[in-house]
Amino acid sequence: MDVFNVTADADVFTCNAYLVGGDRTVLVDAGAWNGVIDAVEAHTETLDAIMLTHQHSDHIAQLDAVLDAFDAPLYAYADHPQRAGELDEGDQVFIGDEAFDVVYTPGHADDHVSFVSETTLFSGDVVVHNDGAFDYGSFGRTDMAGQSRERLIGSIETLLDAIGDDVEHMYAGHGDEFHGDVRDVVETALGRAEKRQPKYPN
């Protein structure tokens, strides 16, 4: 399964949008960079689906443009005018060459889901490898309206229950991708979140 961060060259604030190749070519999140379409087209002419982890602006600002360019079905937890299918806890979706369980992980966003396969985690913003706050095992911010640290902690615990020992690839909405002991990264993020300290104290 080939995974490309198609917003890696962005010069604006955006999430990581991942193009996943294989039996089913899927874009996980669309990002906020207007170069995302060209970046996707550098790898493929068609998309089989677009799947959203959640609908914060940095993840969907270019969604309508991507949908227009590729005419692919959109799957999301929350409603969207162009949504073709709903993602819900316990669903299974195919991304690239693998089957992924949909895990509902609110706290950073009410509509947040993560995708977990036997080898790979697309964690959106609930857990990230590194960011401006922590270098190893960070978590989504919960200091804005509609967010909840308590729900986020519960979601990270749910995610740990869903992750097997063989999951060794993590693609998060921000920061770098991670290859190795994904459970340890998630457990580290959980420990930090449980301290209830501000993620960005300044």
# chains A, B, ... in the order shown; residues from 1 in each chain; ligands from 1

$ select_by_dssp --residues "stretch 27-77 of chain A" --states "strand (DSSP E or B)" --output "PyMOL selection string"
chain A and resi 27-28+49-51+74-76

$ write_last_selection --atoms "C-alpha atoms" --output "mmCIF file, in the first residue's frame"
data_model
loop_
_atom_site.group_PDB
_atom_site.id
_atom_site.type_symbol
_atom_site.label_atom_id
_atom_site.label_comp_id
_atom_site.auth_asym_id
_atom_site.auth_seq_id
_atom_site.Cartn_x
_atom_site.Cartn_y
_atom_site.Cartn_z
ATOM 1 C CA LEU A 27 -7.852 10.331 -0.557
ATOM 2 C CA VAL A 28 -8.003 10.672 3.223
ATOM 3 C CA ALA A 49 -13.289 7.577 -2.829
ATOM 4 C CA ILE A 50 -12.592 10.501 -0.543
ATOM 5 C CA MET A 51 -12.856 9.827 3.194
ATOM 6 C CA LEU A 74 -17.415 11.288 -0.437
ATOM 7 C CA TYR A 75 -17.648 9.422 2.863
ATOM 8 C CA ALA A 76 -17.878 11.264 6.175
#

$ residues_around --residues "A:Ser117" --least-positions-apart "3" --cutoff "10 Å" --atoms "only C-alpha atoms" --output "ChimeraX atom specification"
/A:92-95,98-102,120-122,162-164,166-167,169

$ residues_around --residues "A:Gly124" --least-positions-apart "5" --cutoff "8 Å" --atoms "only C-alpha atoms" --output "ChimeraX atom specification"
/A:53-54,112-114,171-174

$ closest_residue --among "A:Thr14, A:Thr46, A:Thr25, A:Thr105" --to "A:Tyr77" --atoms "only C-alpha atoms"
A:Thr105

$ select_by_dssp --residues "stretch 20-142 of chain A" --states "helix (DSSP H, G or I)" --output "VMD selection string"
chain A and resid 36 to 41 57 to 60 63 to 70

$ write_last_selection --atoms "C-alpha atoms" --output "CSV table (one decimal), in the first residue's frame"
chain,number,residue,atom,x,y,z
A,36,VAL,CA,-3.7,19.5,-3.8
A,37,ILE,CA,-5.4,18.6,-7.1
A,38,ASP,CA,-2.1,18.9,-9.0
A,39,ALA,CA,-0.4,16.8,-6.3
A,40,VAL,CA,-3.0,14.1,-6.6
A,41,GLU,CA,-2.9,14.1,-10.4
A,57,SER,CA,-11.6,23.8,7.7
A,58,ASP,CA,-7.9,22.7,7.4
A,59,HIS,CA,-9.2,19.3,6.3
A,60,ILE,CA,-11.9,20.3,3.9
A,63,LEU,CA,-12.9,19.4,-0.7
A,64,ASP,CA,-15.4,20.9,-3.1
A,65,ALA,CA,-12.6,21.5,-5.7
A,66,VAL,CA,-11.3,18.0,-5.3
A,67,LEU,CA,-14.8,16.6,-5.7
A,68,ASP,CA,-15.3,18.6,-8.8
A,69,ALA,CA,-12.0,17.5,-10.2
A,70,PHE,CA,-12.3,13.8,-9.6

$ closest_residue --among "A:Ala72, A:Val116, A:Ala109, A:Met170" --to "A:Ala145" --atoms "only C-alpha atoms"
A:Ala109

$ atom_distance --atom1 "atom CA of A:Asp88" --atom2 "atom CA of A:Val26"
17.7 Å

$ residues_around --residues "A:Asp2" --least-positions-apart "2" --cutoff "8 Å" --atoms "only C-alpha atoms" --output "ChimeraX atom specification"
/A:4,20-22,96

$ residues_around --residues "A:Ala10" --least-positions-apart "5" --cutoff "10 Å" --atoms "only C-alpha atoms" --output "number ranges by chain"
A: 15-16, 31-36

$ write_last_selection --atoms "C-alpha atoms" --output "PDB file, in the first residue's frame"
ATOM      1  CA  CYS A  15      -3.797  19.200   7.374  1.00  0.00           C
ATOM      2  CA  ASN A  16      -1.869  16.302   5.922  1.00  0.00           C
ATOM      3  CA  GLY A  31      -6.673  19.771   3.020  1.00  0.00           C
ATOM      4  CA  ALA A  32      -6.655  23.535   2.543  1.00  0.00           C
ATOM      5  CA  TRP A  33      -3.932  23.898  -0.081  1.00  0.00           C
ATOM      6  CA  ASN A  34      -5.013  24.853  -3.597  1.00  0.00           C
ATOM      7  CA  GLY A  35      -2.209  22.729  -5.055  1.00  0.00           C
ATOM      8  CA  VAL A  36      -3.699  19.496  -3.770  1.00  0.00           C
TER       9      VAL A  36
END
